[in-house]
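Taking it in order: structure first as structure tokens, then the write-up.
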Amino acid sequence: MSSMSETTKAETGTDANELAEETVPAEELAVENELLREQNRRLREEYLESQQQTYRQSAAALLVVGLIAVGAGVVFPTTRNVFIALGGTGIFAGILTYALTPERFIAETVSEGIYEAVTTDRTAMLDELSIEGSELYLPGGSPTLYLPATDEHDPADPPDLPADVSSLFVVSDDGTPGVALSPTGGPLFSAVNRSLTGELGETPTTLAAQLTDGVVDGFDLADGVETDVDPTGGRMTVELSGVAYGRVDRLDHPVCSLFAVGLAQGLDTPVRIEIEETEPPLVTYRWDQDTGGADE
């Protein structure tokens, strides 16, 4: 009995030691995780500060140039008007740049991951419902992406939809079922529209220029955009380079959606998308040339 008791004590002691040894690494791991969280937080703050510092430096440089130009206007009266104009522009641009310094920067991979999740769920839903029609963007107070069950209708002659397509599941007047979604390009178009110095264009050529500026210069969603507009034929082809959000042949790609929503709203007519190429991305938009605006 004594031998068994000693053996049990020895085994118990050994197990306790092993548990103690296992507990220490777990505690160390928790400490290390906390240190890593703190380091990640500090790195994010430093990255944000560095990005904001770039904006502030640009604003300061513009202000300095503007003040120098105003001073030069005082020193050189013969060219005062030119220097005053340059100075005023520089000062205004500096103040505007400082005021518009973003408070938060979101990595491109984050927004791409969000779009990936959204489009994966939407694609699965459409597969379950056997919805196979092409993307049709409808104008209105809230732009709508309509996907019919089939592509029986010509792009220039879309199905007769009910006046209210705010519900998810829609049946056209001729009995064609479909799905109505909020396009990813809707919020992007609203931001582009707010940034315009004038009114939103009502012709394909004007809209192409405004939307291209928004994609390239406004949101940096593409490195370059080339457009080929055929107003009389109701067509615009867009070639993209360095486009964000990955392949453009996925459902409701944000950049493609932005052009479609912009055209539909500006021309006040449904717009259909056709993906012709993916490398480089080549996207064609079609609408009814009789209802869409024509260039004068």
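All residue names refer to the structure tokens as shown: chains lettered A, B, ... in order, residues numbered from 1 in each chain, ligands numbered from 1 in order.
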
DSSP strand (DSSP E or B) selection over range 94-289 of chain A, as an NGL selection string: :A and (136-138 or 144-148 or 169-171 or 177-181 or 224-230 or 235-241 or 271-278 or 281-286)

Residues near Leu136 in chain A, cut-off 7 Å, only C-alpha atoms, skip fewer than 2 positions along chain, as a ChimeraX atom specification: /A:134,138,145-147,270-273

Give me a file of those residues, with C-alpha atoms, as a short mmCIF file (atom, residue, chain, number, x, y, z; two decimals), in the first residue's frame.
```
data_model
loop_
_atom_site.label_atom_id
_atom_site.label_comp_id
_atom_site.auth_asym_id
_atom_site.auth_seq_id
_atom_site.Cartn_x
_atom_site.Cartn_y
_atom_site.Cartn_z
CA SER A 134 -27.99 40.44 -67.38
CA LEU A 138 -32.79 51.58 -63.50
CA LEU A 145 -30.11 47.00 -60.10
CA TYR A 146 -32.67 44.68 -61.71
CA LEU A 147 -31.80 41.12 -62.70
CA PRO A 270 -32.36 51.88 -68.07
CA VAL A 271 -28.77 50.87 -68.80
CA ARG A 272 -27.50 47.35 -69.38
CA ILE A 273 -23.93 46.10 -68.85
#
```

Straight-line distance linking CA of Glu274 in chain A with CA of Thr120 in chain A, stated in Å to one decimal: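 Going from CA of Glu274 in chain A over to CA of Thr120 in chain A, I get 19.9 Å.
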
Contacts of range 244-256 of chain A within 7 Å, only C-alpha atoms, excl. fewer than 5 positions in-chain, as JSON, numbers by chain: {"A": [112, 119, 183, 184, 185, 221, 222, 275, 278, 281]}

Among the residues A:Val192, A:Leu126, A:Ala93, A:Val243, the one that comes closest to Ala61 in chain A [using only C-alpha atoms]: A:Ala93

Among listed residues A:Glu239, A:Gln39, A:Leu67, A:Asp228, nearest Phe92 in chain A (using only C-alpha atoms): A:Leu67

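From CA of Ile131 in chain A back to CA of Phe189 in chain A, the distance works out to 26.0 Å.
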
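Across the structure, CA of Asp288 in chain A and CA of Val179 in chain A are spaced 21.5 Å apart.
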
Secondary structure check, helix (DSSP H, G or I) residues of range 117-233 of chain A, as number ranges by chain: A: 117-129, 185-195, 204-218

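For Leu62 in chain A, the set of protein, DNA and RNA residues having any atom at most 9 Å away, when counting only C-alpha atoms and skipping those fewer than 2 positions along the same chain, is Gln57, Ser58, Ala59, Ala60, Val64, Val65, Gly66, Leu67, Thr89, Gly90, Ile91, Phe92, Ala93, Gly94, Ile95 and Thr97 of chain A.
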
Write the residues of the preceding selection, restricted to all heavy atoms, as an mmCIF file, in the first residue's frame.
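Okay, result_14.cif is ready:
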```
data_model
loop_
_atom_site.group_PDB
_atom_site.id
_atom_site.type_symbol
_atom_site.label_atom_id
_atom_site.label_comp_id
_atom_site.auth_asym_id
_atom_site.auth_seq_id
_atom_site.Cartn_x
_atom_site.Cartn_y
_atom_site.Cartn_z
ATOM 1 N N GLN A 57 1.099 68.808 -45.083
ATOM 2 C CA GLN A 57 2.263 69.386 -45.744
ATOM 3 C C GLN A 57 1.889 69.988 -47.099
ATOM 4 O O GLN A 57 2.380 71.056 -47.468
ATOM 5 C CB GLN A 57 3.352 68.326 -45.915
ATOM 6 C CG GLN A 57 4.011 67.910 -44.605
ATOM 7 C CD GLN A 57 4.969 66.751 -44.776
ATOM 8 O OE1 GLN A 57 5.032 66.131 -45.848
ATOM 9 N NE2 GLN A 57 5.712 66.435 -43.723
ATOM 10 N N SER A 58 1.018 69.288 -47.827
ATOM 11 C CA SER A 58 0.549 69.829 -49.111
ATOM 12 C C SER A 58 -0.217 71.128 -48.895
ATOM 13 O O SER A 58 -0.050 72.100 -49.647
ATOM 14 C CB SER A 58 -0.342 68.803 -49.817
ATOM 15 O OG SER A 58 0.371 67.615 -50.077
ATOM 16 N N ALA A 59 -1.070 71.143 -47.859
ATOM 17 C CA ALA A 59 -1.826 72.359 -47.566
ATOM 18 C C ALA A 59 -0.891 73.503 -47.193
ATOM 19 O O ALA A 59 -1.070 74.645 -47.653
ATOM 20 C CB ALA A 59 -2.817 72.091 -46.427
ATOM 21 N N ALA A 60 0.125 73.205 -46.370
ATOM 22 C CA ALA A 60 1.078 74.243 -45.977
ATOM 23 C C ALA A 60 1.855 74.771 -47.182
ATOM 24 O O ALA A 60 2.083 75.988 -47.302
ATOM 25 C CB ALA A 60 2.038 73.696 -44.919
ATOM 26 N N VAL A 64 1.920 78.625 -48.495
ATOM 27 C CA VAL A 64 3.167 79.383 -48.650
ATOM 28 C C VAL A 64 3.277 79.958 -50.053
ATOM 29 O O VAL A 64 3.624 81.131 -50.246
ATOM 30 C CB VAL A 64 4.374 78.485 -48.334
ATOM 31 C CG1 VAL A 64 5.675 79.169 -48.726
ATOM 32 C CG2 VAL A 64 4.399 78.132 -46.847
ATOM 33 N N VAL A 65 2.974 79.118 -51.058
ATOM 34 C CA VAL A 65 3.022 79.602 -52.444
ATOM 35 C C VAL A 65 2.041 80.746 -52.641
ATOM 36 O O VAL A 65 2.344 81.755 -53.304
ATOM 37 C CB VAL A 65 2.725 78.444 -53.421
ATOM 38 C CG1 VAL A 65 2.547 78.970 -54.843
ATOM 39 C CG2 VAL A 65 3.853 77.424 -53.392
ATOM 40 N N GLY A 66 0.838 80.599 -52.062
ATOM 41 C CA GLY A 66 -0.154 81.661 -52.201
ATOM 42 C C GLY A 66 0.297 82.959 -51.560
ATOM 43 O O GLY A 66 0.139 84.042 -52.137
ATOM 44 N N LEU A 67 0.883 82.871 -50.361
ATOM 45 C CA LEU A 67 1.353 84.077 -49.685
ATOM 46 C C LEU A 67 2.515 84.722 -50.433
ATOM 47 O O LEU A 67 2.615 85.958 -50.524
ATOM 48 C CB LEU A 67 1.772 83.728 -48.253
ATOM 49 C CG LEU A 67 0.624 83.308 -47.316
ATOM 50 C CD1 LEU A 67 1.189 82.816 -45.985
ATOM 51 C CD2 LEU A 67 -0.335 84.475 -47.105
ATOM 52 N N THR A 89 -5.641 81.766 -55.369
ATOM 53 C CA THR A 89 -5.873 80.358 -55.693
ATOM 54 C C THR A 89 -5.094 79.442 -54.762
ATOM 55 O O THR A 89 -5.607 78.443 -54.253
ATOM 56 C CB THR A 89 -5.486 80.069 -57.151
ATOM 57 O OG1 THR A 89 -6.252 80.920 -58.022
ATOM 58 C CG2 THR A 89 -5.743 78.619 -57.502
ATOM 59 N N GLY A 90 -3.818 79.785 -54.531
ATOM 60 C CA GLY A 90 -2.990 78.965 -53.653
ATOM 61 C C GLY A 90 -3.502 78.934 -52.228
ATOM 62 O O GLY A 90 -3.551 77.875 -51.592
ATOM 63 N N ILE A 91 -3.901 80.078 -51.712
ATOM 64 C CA ILE A 91 -4.409 80.133 -50.338
ATOM 65 C C ILE A 91 -5.714 79.351 -50.209
ATOM 66 O O ILE A 91 -5.909 78.574 -49.265
ATOM 67 C CB ILE A 91 -4.612 81.597 -49.909
ATOM 68 C CG1 ILE A 91 -3.248 82.312 -49.809
ATOM 69 C CG2 ILE A 91 -5.351 81.682 -48.579
ATOM 70 C CD1 ILE A 91 -3.345 83.793 -49.571
ATOM 71 N N PHE A 92 -6.602 79.535 -51.178
ATOM 72 C CA PHE A 92 -7.873 78.806 -51.144
ATOM 73 C C PHE A 92 -7.635 77.301 -51.235
ATOM 74 O O PHE A 92 -8.242 76.516 -50.492
ATOM 75 C CB PHE A 92 -8.765 79.267 -52.299
ATOM 76 C CG PHE A 92 -10.037 78.480 -52.423
ATOM 77 C CD1 PHE A 92 -11.097 78.706 -51.559
ATOM 78 C CD2 PHE A 92 -10.168 77.506 -53.395
ATOM 79 C CE1 PHE A 92 -12.269 77.963 -51.654
ATOM 80 C CE2 PHE A 92 -11.329 76.766 -53.508
ATOM 81 C CZ PHE A 92 -12.381 77.009 -52.635
ATOM 82 N N ALA A 93 -6.741 76.880 -52.145
ATOM 83 C CA ALA A 93 -6.456 75.448 -52.291
ATOM 84 C C ALA A 93 -5.831 74.881 -51.021
ATOM 85 O O ALA A 93 -6.129 73.750 -50.618
ATOM 86 C CB ALA A 93 -5.538 75.216 -53.481
ATOM 87 N N GLY A 94 -4.967 75.658 -50.371
ATOM 88 C CA GLY A 94 -4.353 75.196 -49.139
ATOM 89 C C GLY A 94 -5.367 74.995 -48.029
ATOM 90 O O GLY A 94 -5.356 73.979 -47.319
ATOM 91 N N ILE A 95 -6.250 75.973 -47.867
ATOM 92 C CA ILE A 95 -7.293 75.862 -46.835
ATOM 93 C C ILE A 95 -8.214 74.686 -47.128
ATOM 94 O O ILE A 95 -8.583 73.916 -46.231
ATOM 95 C CB ILE A 95 -8.091 77.175 -46.748
ATOM 96 C CG1 ILE A 95 -7.176 78.319 -46.263
ATOM 97 C CG2 ILE A 95 -9.289 77.021 -45.816
ATOM 98 C CD1 ILE A 95 -7.842 79.674 -46.288
ATOM 99 N N THR A 97 -7.537 71.960 -48.895
ATOM 100 C CA THR A 97 -6.821 70.703 -48.679
ATOM 101 C C THR A 97 -6.744 70.354 -47.206
ATOM 102 O O THR A 97 -6.937 69.200 -46.802
ATOM 103 C CB THR A 97 -5.399 70.784 -49.268
ATOM 104 O OG1 THR A 97 -5.482 71.071 -50.667
ATOM 105 C CG2 THR A 97 -4.644 69.478 -49.065
#
```
